[in-house]
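*Asks:* Below is the structure I would like to discuss, written out as structure tokens.
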Amino acid sequence: MQTNVLGYPRIGSQRELKKACEAYWAGKMSLEKLQLTARQLRRQHWEILQQAGIDLIPSNDFSFYDQVLDLCLMTGVIPSRFTPLLKSLANANSPELYFAMARGYQKNGLDITAMEMTKWLDTNYHYLVPEFEAEQQFRVISTKCTDEFKEALSLGIHTKPVLLGPVSFLLLGKIKDGQLQIADLLDRLLPVYLHHLQSLQTAGATWVQLDEPCLVQDLTPEEHALFTYAYTKLKAGLPALHIMVATYFGSLQDNTAIALQLPVQALHIDLARAPEQLETVLQEFPSTMLLSLGVINGRNIWKNDYSRSLALIRQAEAAIGTERLLLATSCSLLHTPYDLDLETDEQVLTPQIKSWMAFAKQKVQELSELQQIMAGNTALLAANRQSLQEKSTAAIVHKPAVKARVAALTEEDATRLSPFLIRQRQQEALLKLPSFPTTTIGSFPQTEEIRKLRADLKKGNITPEQYDTAIRRAIIDAVQLQESLRLDVLVHGEFERNDMVEYFGEQLEGFVFTQHGWVQSYGTRCVKPPVIYGDVQRPQPMTVQWSSYAQTLTTKPMKGMLTGPVTILQWSFVRDDQPRADTTLQIALAIRDEVQDLENAGIKVIQVDEPAIREGLPLRKADWDAYLDWAVKAFRVSVSCVQDDTQIHTHMCYSEFNDIIDHIAAMDADVITIETSRSQMELLEAFAAFRYPNEIGPGVYDIHSPRVPTTAEMTELLEKAVQLLPARNIWVNPDCGLKTRKWAETEQALRNMVAAAREMRANVLMC
Ligand SMILES: CN1c2c(nc(N)[nH]c2=O)NC[C@@H]1CNc1ccc(C(=O)N[C@@H](CCC(=O)N[C@@H](CCC(=O)N[C@@H](CCC(=O)O)C(=O)O)C(=O)O)C(=O)O)cc1
Ligand SMILES: N[C@@H](CCS)C(=O)O
Ligand SMILES: [Zn+2]
């Protein structure tokens with residue numbers, strides 16, 4: 001039985017690629033040095049897999065920024081706004097164009113916006129969204145997949161190149177012209193895919209993995225037909241190359257028949273997320289296909305349960321024999337951190353909890369151990385059983401008082417004292433805000449100096465007292481700036497936070513965090529998700545000292561800033577021994593305690609961020625309501641303890657609200673701030689159509705770009721907003737937090753934003 005890895009992390013165990021790219025962008029590293037770093041990382045990763053004895057080792061899973069962007073360049077999908085830049089370059093396959101597409105280009109008199117980023121299915125990874133325009137043609141610009149295959153071959157490593165499949169590439173992109181038909185696009189795209197696959201075949205590749213994650217989503221009959229059409233065409237042009245279609249993050253369900261009829265040599269299915277699909281897949285499994293069993297979970301950091309994996313493997317073996325089975329990771333290991341062996345500080349990660357975990361390198365090892373167990377190594381199986389048994393009964397995992405508190409939750413605990421309109425009057429009386437009140441989403445620039453303070457604290461170069469003093473200094477400066485800008489509801493700036501989720505994970509019981517557990521979020525930006533291993537509770541207040549200190553510096557309302565339960569869950573590695581809903585309610589109770597303490601400390605505006613609520617939506621619509629019911633309940637539990645005159649805000653970015661607007665309304669936040677500027681307020685239409693009753697802050701400027709928006713631009717957006725919603729309900733704020741921005745642009749942008757709010761106050765008649 002062969003082993004198969006779908007993809008490996010690429011940022012580097014010490015985030016070498018991040019550091020190299022950022023140095024290159026800053027003009028501090030040459031292109032040659034950047035490319036050398038990339039080659040070294042690729043080699044390291046291939047060798048790890050080779051040494052672990054993996055049979056199908058991925059290549060082309062490396063990327064300088066994003067694998068979908070790479071594919072855009074392999075297929076010539078370059079939005080036309082980049083044409084002026086393209087014309088100025090000697091070679092279209094240049095890093096200048098590549099990084100411009102990823103990050104935007106403001107140089108040499110050009111001002112080109114970056115490609116849009118969105119969440120990769122239900123993960124916290126972002127991909128760049130391909131834009132298919134009118135008259136879209138496809139052509140080969142980059143030959144990356146063949147180049148990297150040859151590079152591995154020259155090191156004596158025969159790899160399996162990985163590409164996003166043509167149908168998912170089209171379905172996950174944005175069709176910019178309503179007249180364009182996806183079937184026509186596919187027809188034009190396939191020759192370019194064939195070109196790449198044929199050149200891989202010529203270079204000696206025997207397997208290629210084409211990822212088609214859309215096969216686990218709801219598809220129309222027309223979309224089904226695209227798969228059959230595409231793979232029939234590809235197969236006809238590739239006599240010697242074996243195609244593996246890889247599906248992950250869910251179950252094939254009603255797409256099973258389509259997947260099984262594809263004229264390809266192998267199908268990969270995700271048995272970590274959807275083990276139940278195995279039975280259906282085996283029933284009709286064609287005698288010509290290999291089946292890759294994704295038993296090693298690529299989305300978590302827990303040791304594999306070998307007994308459970310073995311049961312699945314045996315079930316498949318009984319149906320189709322061992323010769324046609326591959327043992328695999330459930331998806332690419334991109335979503336897991338590199339190497340558990342780097343976690344050496346026992347104060348951070350105790351040996352007990354560490355012994356329950358596996359990062360990418362260990363997961364690769366697990367594949368090879370499963371192979372050995374299949375060959376009769378019972379000692380490995382016994383050791384695994386013992387470790388899992390120890391975890392399931394460990395006293396540190398289970399806290400009866402926490403479980404009892406969740407079990408005792410009532411509808412009343414999830415309901416504010418009075419309906420919104422009554423609360424709104426009381427909040428108006430207390431807060432006395434002007435119309436079109438201005439605020440920000442919470443974070444201010446996380447400068448190098450601020451991050452260095454934290455690094456110095458960790459290294460013991462400064463004392464906790466020195467750290468606190470420096471953070472307080474940053475808060476003083478931020479409050480003074482906001483006062484001088486005449487913002488209405490202030491924030492303390494979140495300077496004390498390394499990350500909006502990790503920060504809370506570090507302070508809650510039931511969580512552990514890591515030293516090096518970095519996972520790529522987008523481009524060079526990484527997150528270090530905390531790990532939820534047991535029942536969650538809050539031992540002591542987490543943010544109160546900072547918010548109440550900030551409140552002493554101003555007579556304006558200071559907004560308390562918390563991350564919501566669903567977002568904490570979504571952006572953490574979650575325990576696998578109880579339903580996600582139960583874990584979320586435990587977190588909700590911890591946040592509720594913090595909300596209560598903030599209110600008791602005199603903080604009368606409290607924001608509970610839930611940017612991940614939309615991304616948590618299951619991939620299948622049939623599962624949405626169940627998820628939304630517990631997600632909305634968790635939010636309500638976390639905030640419903642306060643008095644009517646305490647104003648609860650929530651914030652969401654990355655949001656398309658049309659299809660879940662009733663659930664957003666059910667959250668019953670007094671104010672919701674959302675990302676809307678990039679869609680020119682289009683997103684507000686859902687709120688308008690629903691007659692959303694509560695207050696809304698539609699983001700008036702995009703915080704992803706250093707560009708300073710003008711007052712006129714923002715006034716124009718606000719004017720659109722008042723066409724759609726009652727003016728008295730509208731707030732004025734940026735799209736999201738300002739942590740990735742620099743101070744100079746932040747100050748100027750906020751100055752213009754406040755001026756826009758003032759213009760609205762002067763010009764719009766309030767009723
Ligand atoms: C809103 N977003 C978030 C998501 N997920 C989260 N968990 N958090 C989010 O905020 N998902 C969706 C989006 C994704 N957006 C972003 C935006 C920005 C980042 C980002 O900037 N990441 C940083 C790392 C942040 C962090 O943890 N910083 C630490 C310091 C880490 C560090 O590099 N330390 C150095 C030493 C520094 C020194 O010596 O000066 C080291 O350890 O070597 C901190 O502030 O303490 C990034 O750089 O990638 C991520 C997602
Ligand atoms: N309060 C957070 C929300 C990010 S989604 C921030 O301002 O960064
Ligand atoms: Zn946000």
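Identifiers in the structure tokens: chain A, B, ... in order shown; residue index from 1 per chain; ligand index from 1 in order shown.
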Name all residues at most 12 Å from Ile450 of chain A (count only C-alpha atoms; drop same-chain ones fewer than 5 positions away) and give them as a VMD selection string.

*Replies:* chain A and resid 444 to 445 455 to 457 467 to 475 493 to 498 739

*Asks:* Could you turn the residues from that selection into a file that holds N, CA and C atoms, as a PDB file, in the first residue's frame?

*Replies:*
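File result12.pdb, as written:
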```pdb
ATOM      1  N   PHE A 444      -4.823  49.408  16.259  1.00  0.00           N
ATOM      2  CA  PHE A 444      -4.025  50.439  15.598  1.00  0.00           C
ATOM      3  C   PHE A 444      -2.709  49.795  15.180  1.00  0.00           C
ATOM      4  N   PRO A 445      -1.882  50.496  14.384  1.00  0.00           N
ATOM      5  CA  PRO A 445      -0.704  49.841  13.807  1.00  0.00           C
ATOM      6  C   PRO A 445       0.136  49.050  14.805  1.00  0.00           C
ATOM      7  N   ALA A 455       8.735  40.663  21.853  1.00  0.00           N
ATOM      8  CA  ALA A 455       9.862  39.732  21.688  1.00  0.00           C
ATOM      9  C   ALA A 455      10.866  39.939  22.830  1.00  0.00           C
ATOM     10  N   ASP A 456      11.092  41.198  23.206  1.00  0.00           N
ATOM     11  CA  ASP A 456      12.033  41.479  24.303  1.00  0.00           C
ATOM     12  C   ASP A 456      11.515  40.936  25.630  1.00  0.00           C
ATOM     13  N   LEU A 457      10.211  41.037  25.821  1.00  0.00           N
ATOM     14  CA  LEU A 457       9.625  40.503  27.057  1.00  0.00           C
ATOM     15  C   LEU A 457       9.832  38.990  27.116  1.00  0.00           C
ATOM     16  N   TYR A 467       7.317  46.350  30.110  1.00  0.00           N
ATOM     17  CA  TYR A 467       6.420  46.070  28.979  1.00  0.00           C
ATOM     18  C   TYR A 467       5.099  46.814  29.177  1.00  0.00           C
ATOM     19  N   ASP A 468       4.513  46.667  30.361  1.00  0.00           N
ATOM     20  CA  ASP A 468       3.228  47.313  30.641  1.00  0.00           C
ATOM     21  C   ASP A 468       3.331  48.832  30.471  1.00  0.00           C
ATOM     22  N   THR A 469       4.432  49.389  30.954  1.00  0.00           N
ATOM     23  CA  THR A 469       4.590  50.846  30.852  1.00  0.00           C
ATOM     24  C   THR A 469       4.631  51.269  29.380  1.00  0.00           C
ATOM     25  N   ALA A 470       5.356  50.504  28.575  1.00  0.00           N
ATOM     26  CA  ALA A 470       5.466  50.854  27.150  1.00  0.00           C
ATOM     27  C   ALA A 470       4.110  50.711  26.446  1.00  0.00           C
ATOM     28  N   ILE A 471       3.362  49.677  26.812  1.00  0.00           N
ATOM     29  CA  ILE A 471       2.036  49.510  26.190  1.00  0.00           C
ATOM     30  C   ILE A 471       1.125  50.661  26.622  1.00  0.00           C
ATOM     31  N   ARG A 472       1.209  51.025  27.890  1.00  0.00           N
ATOM     32  CA  ARG A 472       0.387  52.151  28.361  1.00  0.00           C
ATOM     33  C   ARG A 472       0.741  53.439  27.611  1.00  0.00           C
ATOM     34  N   ARG A 473       2.025  53.598  27.328  1.00  0.00           N
ATOM     35  CA  ARG A 473       2.466  54.772  26.582  1.00  0.00           C
ATOM     36  C   ARG A 473       1.801  54.776  25.185  1.00  0.00           C
ATOM     37  N   ALA A 474       1.800  53.585  24.576  1.00  0.00           N
ATOM     38  CA  ALA A 474       1.185  53.477  23.239  1.00  0.00           C
ATOM     39  C   ALA A 474      -0.308  53.796  23.314  1.00  0.00           C
ATOM     40  N   ILE A 475      -0.940  53.356  24.408  1.00  0.00           N
ATOM     41  CA  ILE A 475      -2.383  53.643  24.570  1.00  0.00           C
ATOM     42  C   ILE A 475      -2.606  55.149  24.735  1.00  0.00           C
ATOM     43  N   GLY A 493      -6.541  50.362  21.167  1.00  0.00           N
ATOM     44  CA  GLY A 493      -5.572  50.107  20.102  1.00  0.00           C
ATOM     45  C   GLY A 493      -5.053  48.689  19.996  1.00  0.00           C
ATOM     46  N   GLU A 494      -5.383  47.834  21.010  1.00  0.00           N
ATOM     47  CA  GLU A 494      -5.002  46.401  20.976  1.00  0.00           C
ATOM     48  C   GLU A 494      -3.491  46.194  20.871  1.00  0.00           C
ATOM     49  N   PHE A 495      -2.702  47.141  21.371  1.00  0.00           N
ATOM     50  CA  PHE A 495      -1.234  47.001  21.266  1.00  0.00           C
ATOM     51  C   PHE A 495      -0.701  45.800  22.045  1.00  0.00           C
ATOM     52  N   GLU A 496      -1.410  45.415  23.094  1.00  0.00           N
ATOM     53  CA  GLU A 496      -0.922  44.324  23.956  1.00  0.00           C
ATOM     54  C   GLU A 496      -1.151  42.953  23.325  1.00  0.00           C
ATOM     55  N   ARG A 497      -1.783  42.908  22.160  1.00  0.00           N
ATOM     56  CA  ARG A 497      -2.168  41.605  21.574  1.00  0.00           C
ATOM     57  C   ARG A 497      -1.224  41.190  20.455  1.00  0.00           C
ATOM     58  N   ASN A 498      -0.733  39.971  20.519  1.00  0.00           N
ATOM     59  CA  ASN A 498       0.021  39.437  19.392  1.00  0.00           C
ATOM     60  C   ASN A 498      -0.938  39.116  18.248  1.00  0.00           C
ATOM     61  N   LYS A 739      -4.263  47.196  12.189  1.00  0.00           N
ATOM     62  CA  LYS A 739      -2.981  46.674  12.692  1.00  0.00           C
ATOM     63  C   LYS A 739      -1.916  46.525  11.605  1.00  0.00           C
TER      64      LYS A 739
END
```

*Asks:* Using only C-alpha atoms, which protein or nucleic acid residues come within 8 Å of Asn729 of chain A? Drop anything in the same chain fewer than 6 positions from it, and give the result as a list of chain:residue names.

*Replies:*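 Listed by chain and then number, they are A:Phe436, A:Asn694, A:Glu695, A:Ile696.
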
*Asks:* Enumerate, in order of chain and increasing residue number, the residues of segment 620-669 of chain A with an atom no farther than 10 Å from segment 208-223 of chain A, each with its shortest atom pair and distance in Å to one decimal, counting only C-alpha atoms, as a Markdown table.

*Replies:*
```
| residue | atom | partner | partner_atom | distance |
| --- | --- | --- | --- | --- |
| A:Arg620 | CA | A:Gln217 | CA | 5.6 |
| A:Lys621 | CA | A:Asp218 | CA | 7.3 |
| A:Ala622 | CA | A:Asp218 | CA | 9.2 |
```

*Asks:* Based on the selection just made, write N, CA and C atoms of those residues as a PDB file, in the first residue's frame.

*Replies:*
```
ATOM      1  N   ARG A 620     -21.797  22.606   2.693  1.00  0.00           N
ATOM      2  CA  ARG A 620     -23.093  22.194   2.136  1.00  0.00           C
ATOM      3  C   ARG A 620     -24.212  23.003   2.786  1.00  0.00           C
ATOM      4  N   LYS A 621     -25.109  23.521   1.960  1.00  0.00           N
ATOM      5  CA  LYS A 621     -26.192  24.375   2.479  1.00  0.00           C
ATOM      6  C   LYS A 621     -27.076  23.651   3.483  1.00  0.00           C
ATOM      7  N   ALA A 622     -27.254  22.341   3.274  1.00  0.00           N
ATOM      8  CA  ALA A 622     -28.140  21.587   4.161  1.00  0.00           C
ATOM      9  C   ALA A 622     -27.656  21.648   5.611  1.00  0.00           C
TER      10      ALA A 622
END
```

*Asks:* What does the structure give for the distance between atom CA of Arg580 of chain A and atom CA of Thr415 of chain A, in Å to one decimal?

*Replies:* 21.8 Å

*Asks:* Going by DSSP on the backbone, which residues of segment 215-458 of chain A come out as strand (DSSP E)? List them as a list of chain:residue names.

*Replies:*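 Of segment 215-458 of chain A, the ones in strand (DSSP E) are A:His242, A:Ile243, A:Met244, A:Val245, A:Ala246, A:Ala266, A:Leu267, A:His268, A:Ile269, A:Asp270, A:Leu290, A:Leu291, A:Ser292, A:Leu293, A:Gly294, A:Val295, A:Ile296, A:Leu325, A:Leu326, A:Leu327, A:Ala328, A:Thr329.
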
*Asks:* Could those residues be written to a file, using C-alpha atoms, as a CSV table (one decimal), in the first residue's frame?

*Replies:*
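Just written: part_7.csv:
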```
chain,number,residue,atom,x,y,z
A,242,HIS,CA,-1.9,9.2,-14.3
A,243,ILE,CA,-4.3,11.7,-13.0
A,244,MET,CA,-5.5,11.7,-9.3
A,245,VAL,CA,-8.5,13.8,-8.6
A,246,ALA,CA,-8.3,15.0,-5.0
A,266,ALA,CA,-7.2,7.7,-8.8
A,267,LEU,CA,-9.6,9.5,-6.6
A,268,HIS,CA,-8.7,10.9,-3.2
A,269,ILE,CA,-11.3,11.3,-0.5
A,270,ASP,CA,-11.2,13.1,2.9
A,290,LEU,CA,-7.0,3.6,-7.2
A,291,LEU,CA,-8.5,5.0,-4.0
A,292,SER,CA,-6.5,7.4,-1.9
A,293,LEU,CA,-7.8,7.3,1.7
A,294,GLY,CA,-7.3,10.6,3.5
A,295,VAL,CA,-7.1,9.3,7.0
A,296,ILE,CA,-4.4,11.6,8.5
A,325,LEU,CA,-5.4,1.7,-2.0
A,326,LEU,CA,-3.2,4.6,-1.0
A,327,LEU,CA,-2.8,5.9,2.5
A,328,ALA,CA,-2.9,9.7,2.5
A,329,THR,CA,-3.2,12.9,4.4
```

*Asks:* List all protein, DNA and RNA residues that have at least one atom no more than 9 Å from any atom of ligand 1, counting only C-alpha atoms and all ligand atoms, and write them as a CSV table (one decimal) with N, CA and C atoms, in the first residue's frame.

*Replies:*
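What landed in selection-v3.csv:
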```
chain,number,residue,atom,x,y,z
A,14,GLN,N,11.1,28.2,10.2
A,14,GLN,CA,11.4,29.4,10.9
A,14,GLN,C,10.8,30.6,10.1
A,15,ARG,N,9.8,30.4,9.4
A,15,ARG,CA,9.2,31.4,8.5
A,15,ARG,C,10.2,32.0,7.6
A,18,LYS,N,8.7,33.9,4.5
A,18,LYS,CA,8.1,35.2,4.9
A,18,LYS,C,9.2,36.2,5.0
A,19,LYS,N,10.2,35.9,5.8
A,19,LYS,CA,11.3,36.9,6.0
A,19,LYS,C,12.0,37.3,4.7
A,119,LYS,N,-11.4,33.6,1.5
A,119,LYS,CA,-11.0,32.4,2.3
A,119,LYS,C,-11.1,31.2,1.4
A,124,ASN,N,-8.8,29.1,7.3
A,124,ASN,CA,-8.3,30.5,7.6
A,124,ASN,C,-7.2,30.9,6.6
A,125,TYR,N,-7.0,30.1,5.5
A,125,TYR,CA,-6.0,30.5,4.5
A,125,TYR,C,-6.8,31.3,3.4
A,126,HIS,N,-6.1,32.3,2.9
A,126,HIS,CA,-6.8,33.2,1.9
A,126,HIS,C,-6.1,32.9,0.5
A,446,GLN,N,0.4,47.8,14.4
A,446,GLN,CA,1.3,46.9,15.2
A,446,GLN,C,2.7,47.2,14.6
A,447,THR,N,3.3,48.2,15.1
A,447,THR,CA,4.6,48.6,14.5
A,447,THR,C,5.7,47.6,15.0
A,448,GLU,N,6.8,47.7,14.3
A,448,GLU,CA,8.0,46.9,14.6
A,448,GLU,C,8.3,47.1,16.1
A,449,GLU,N,8.2,48.3,16.6
A,449,GLU,CA,8.6,48.6,18.0
A,449,GLU,C,7.7,47.9,18.9
A,450,ILE,N,6.4,47.8,18.6
A,450,ILE,CA,5.5,47.1,19.5
A,450,ILE,C,5.8,45.7,19.5
A,451,ARG,N,6.0,45.1,18.3
A,451,ARG,CA,6.3,43.6,18.3
A,451,ARG,C,7.6,43.3,19.0
A,452,LYS,N,8.5,44.3,18.8
A,452,LYS,CA,9.8,44.0,19.5
A,452,LYS,C,9.7,44.0,21.0
A,453,LEU,N,8.8,44.9,21.5
A,453,LEU,CA,8.6,44.9,22.9
A,453,LEU,C,8.2,43.5,23.4
A,454,ARG,N,7.3,42.9,22.7
A,454,ARG,CA,6.8,41.6,23.1
A,454,ARG,C,8.0,40.5,22.9
A,455,ALA,N,8.7,40.7,21.9
A,455,ALA,CA,9.9,39.7,21.7
A,455,ALA,C,10.9,39.9,22.8
A,456,ASP,N,11.1,41.2,23.2
A,456,ASP,CA,12.0,41.5,24.3
A,456,ASP,C,11.5,40.9,25.6
A,495,PHE,N,-2.7,47.1,21.4
A,495,PHE,CA,-1.2,47.0,21.3
A,495,PHE,C,-0.7,45.8,22.0
A,496,GLU,N,-1.4,45.4,23.1
A,496,GLU,CA,-0.9,44.3,24.0
A,496,GLU,C,-1.2,43.0,23.3
A,497,ARG,N,-1.8,42.9,22.2
A,497,ARG,CA,-2.2,41.6,21.6
A,497,ARG,C,-1.2,41.2,20.5
A,498,ASN,N,-0.7,40.0,20.5
A,498,ASN,CA,0.0,39.4,19.4
A,498,ASN,C,-0.9,39.1,18.2
A,499,ASP,N,-2.1,38.7,18.6
A,499,ASP,CA,-3.1,38.3,17.6
A,499,ASP,C,-4.5,38.3,18.3
A,500,MET,N,-5.5,38.5,17.6
A,500,MET,CA,-6.8,38.7,18.2
A,500,MET,C,-7.4,37.3,18.7
A,501,VAL,N,-6.8,36.2,18.4
A,501,VAL,CA,-7.3,34.9,18.9
A,501,VAL,C,-6.2,34.3,19.9
A,502,GLU,N,-5.0,34.4,19.4
A,502,GLU,CA,-3.9,33.8,20.2
A,502,GLU,C,-3.9,34.5,21.6
A,503,TYR,N,-4.1,35.8,21.6
A,503,TYR,CA,-4.0,36.5,22.9
A,503,TYR,C,-5.0,36.0,23.9
A,515,GLN,N,5.3,27.7,20.5
A,515,GLN,CA,6.3,28.7,20.2
A,515,GLN,C,6.4,28.9,18.7
A,516,HIS,N,6.3,27.8,18.0
A,516,HIS,CA,6.6,27.9,16.5
A,516,HIS,C,5.5,27.4,15.6
A,518,TRP,N,3.4,28.1,13.5
A,518,TRP,CA,2.9,29.1,12.5
A,518,TRP,C,2.2,28.4,11.4
A,519,VAL,N,1.1,29.0,10.9
A,519,VAL,CA,0.4,28.6,9.8
A,519,VAL,C,0.1,29.8,8.9
A,520,GLN,N,0.3,29.6,7.6
A,520,GLN,CA,0.2,30.7,6.6
A,520,GLN,C,-1.3,31.1,6.6
A,521,SER,N,-1.5,32.5,6.7
A,521,SER,CA,-2.9,33.0,6.6
A,521,SER,C,-3.1,33.6,5.2
A,522,TYR,N,-2.2,34.5,4.8
A,522,TYR,CA,-2.2,34.9,3.4
A,522,TYR,C,-0.8,35.5,3.1
A,523,GLY,N,-0.3,35.2,1.9
A,523,GLY,CA,1.0,35.8,1.5
A,523,GLY,C,2.0,35.4,2.5
A,524,THR,N,2.6,36.5,3.1
A,524,THR,CA,3.7,36.2,4.1
A,524,THR,C,3.1,36.3,5.5
A,525,ARG,N,1.8,36.6,5.6
A,525,ARG,CA,1.2,36.8,6.9
A,525,ARG,C,0.9,35.4,7.5
A,526,CYS,N,1.3,35.2,8.8
A,526,CYS,CA,1.0,33.9,9.4
A,526,CYS,C,0.2,34.2,10.7
A,527,VAL,N,-0.4,33.1,11.2
A,527,VAL,CA,-1.0,33.1,12.5
A,527,VAL,C,-0.5,31.9,13.3
A,528,LYS,N,-0.6,32.0,14.6
A,528,LYS,CA,-0.2,30.9,15.4
A,528,LYS,C,-1.4,30.4,16.2
A,529,PRO,N,-2.2,29.6,15.7
A,529,PRO,CA,-3.5,29.3,16.3
A,529,PRO,C,-3.3,28.6,17.7
A,530,PRO,N,-4.0,29.1,18.7
A,530,PRO,CA,-3.9,28.4,20.0
A,530,PRO,C,-4.6,27.0,19.8
A,567,THR,N,-15.3,32.9,16.5
A,567,THR,CA,-14.0,33.3,15.8
A,567,THR,C,-12.9,32.6,16.6
A,568,ILE,N,-13.0,32.6,17.9
A,568,ILE,CA,-11.9,32.0,18.7
A,568,ILE,C,-11.9,30.5,18.3
A,570,GLN,N,-13.0,29.0,15.5
A,570,GLN,CA,-12.6,28.9,14.1
A,570,GLN,C,-11.1,29.0,13.8
A,571,TRP,N,-10.5,29.9,14.6
A,571,TRP,CA,-9.1,30.2,14.3
A,571,TRP,C,-8.1,29.6,15.3
A,572,SER,N,-8.7,28.5,16.0
A,572,SER,CA,-7.9,27.7,16.9
A,572,SER,C,-7.8,26.3,16.4
A,611,PRO,N,-15.5,38.0,13.0
A,611,PRO,CA,-15.2,38.0,11.6
A,611,PRO,C,-15.3,36.6,11.0
A,612,ALA,N,-15.2,35.5,11.8
A,612,ALA,CA,-15.1,34.2,11.2
A,612,ALA,C,-16.4,33.5,11.2
A,653,CYS,N,-15.7,41.0,9.0
A,653,CYS,CA,-15.2,41.4,7.7
A,653,CYS,C,-15.4,40.1,6.8
A,654,TYR,N,-14.9,40.1,5.6
A,654,TYR,CA,-15.1,39.0,4.6
A,654,TYR,C,-16.5,38.5,4.5
A,736,CYS,N,-12.1,47.4,8.7
A,736,CYS,CA,-11.6,46.5,9.7
A,736,CYS,C,-10.5,47.2,10.5
A,737,GLY,N,-9.8,46.4,11.3
A,737,GLY,CA,-8.8,46.9,12.2
A,737,GLY,C,-7.6,47.4,11.4
A,739,LYS,N,-4.3,47.2,12.2
A,739,LYS,CA,-3.0,46.7,12.7
A,739,LYS,C,-1.9,46.5,11.6
A,740,THR,N,-2.3,46.3,10.4
A,740,THR,CA,-1.3,46.1,9.3
A,740,THR,C,-0.9,47.4,8.6
```

*Asks:* Could you report the residues within 12 Å of ligand 3, using only C-alpha atoms and all ligand atoms, as a ChimeraX atom specification?

*Replies:* /A:440-443,500,563-564,567,607-613,650-655,672-676,698-699,702-704,733-740

*Asks:* Would you output that residue set with C-alpha atoms, as a tab-separated table (two decimals), in the first residue's frame?

*Replies:*
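Written output follows (result06.tsv):
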```
chain	number	residue	atom	x	y	z
A	440	THR	CA	-12.57	52.36	14.49
A	441	ILE	CA	-12.60	48.58	14.60
A	442	GLY	CA	-10.07	48.19	17.40
A	443	SER	CA	-6.47	47.66	16.40
A	500	MET	CA	-6.85	38.66	18.22
A	563	THR	CA	-12.96	38.32	20.14
A	564	GLY	CA	-16.16	36.32	19.88
A	567	THR	CA	-14.02	33.27	15.85
A	607	GLN	CA	-17.36	45.06	20.84
A	608	VAL	CA	-17.30	41.30	20.37
A	609	ASP	CA	-15.68	40.57	17.00
A	610	GLU	CA	-17.05	37.70	14.95
A	611	PRO	CA	-15.25	37.95	11.58
A	612	ALA	CA	-15.11	34.18	11.24
A	613	ILE	CA	-18.79	33.47	11.63
A	650	THR	CA	-19.98	43.18	16.73
A	651	HIS	CA	-17.66	43.31	13.74
A	652	MET	CA	-17.43	41.12	10.67
A	653	CYS	CA	-15.20	41.36	7.66
A	654	TYR	CA	-15.09	39.00	4.61
A	655	SER	CA	-18.80	38.94	4.58
A	672	ILE	CA	-22.61	45.81	13.62
A	673	THR	CA	-19.57	47.10	11.73
A	674	ILE	CA	-18.93	45.36	8.44
A	675	GLU	CA	-16.58	45.40	5.48
A	676	THR	CA	-18.34	47.10	2.58
A	698	PRO	CA	-20.59	50.02	6.87
A	699	GLY	CA	-16.83	50.24	6.35
A	702	ASP	CA	-10.39	49.49	2.68
A	703	ILE	CA	-7.73	48.91	5.28
A	704	HIS	CA	-5.83	46.38	3.16
A	733	ASN	CA	-15.78	53.49	10.44
A	734	PRO	CA	-13.09	51.72	8.39
A	735	ASP	CA	-13.66	48.20	7.04
A	736	CYS	CA	-11.57	46.45	9.68
A	737	GLY	CA	-8.75	46.95	12.20
A	738	LEU	CA	-5.69	48.99	11.34
A	739	LYS	CA	-2.98	46.67	12.69
A	740	THR	CA	-1.31	46.12	9.31
```

*Asks:* So, counting only C-alpha atoms and all ligand atoms, which residue among A:Ile112, A:Leu163, A:Ala183, A:Val491 is closest to ligand 2?

*Replies:*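 Under the stated criterion, the closest residue is A:Val491.
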
*Asks:* Tell me, in Å to one decimal, how far atom CA of Leu388 of chain A is from atom CA of Gln2 of chain A.

*Replies:*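 According to the coordinates, atom CA of Leu388 of chain A and atom CA of Gln2 of chain A are separated by 25.6 Å.
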
*Asks:* Find the residue from A:Val642, A:Leu562, A:Ile603, A:Ala631 that sits nearest to ligand 2; use only C-alpha atoms and all ligand atoms when measuring.

*Replies:*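 Checking each of A:Val642, A:Leu562, A:Ile603, A:Ala631 against ligand 2, counting only C-alpha atoms and all ligand atoms, the winner is A:Leu562.
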
*Asks:* Nearest to Ala375 of chain A among A:Ala319, A:Leu155, A:Met561, A:Met1, with distances taken over only C-alpha atoms: which residue is it?

*Replies:*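 Among A:Ala319, A:Leu155, A:Met561, A:Met1, it is A:Met1 that comes nearest to Ala375 of chain A.
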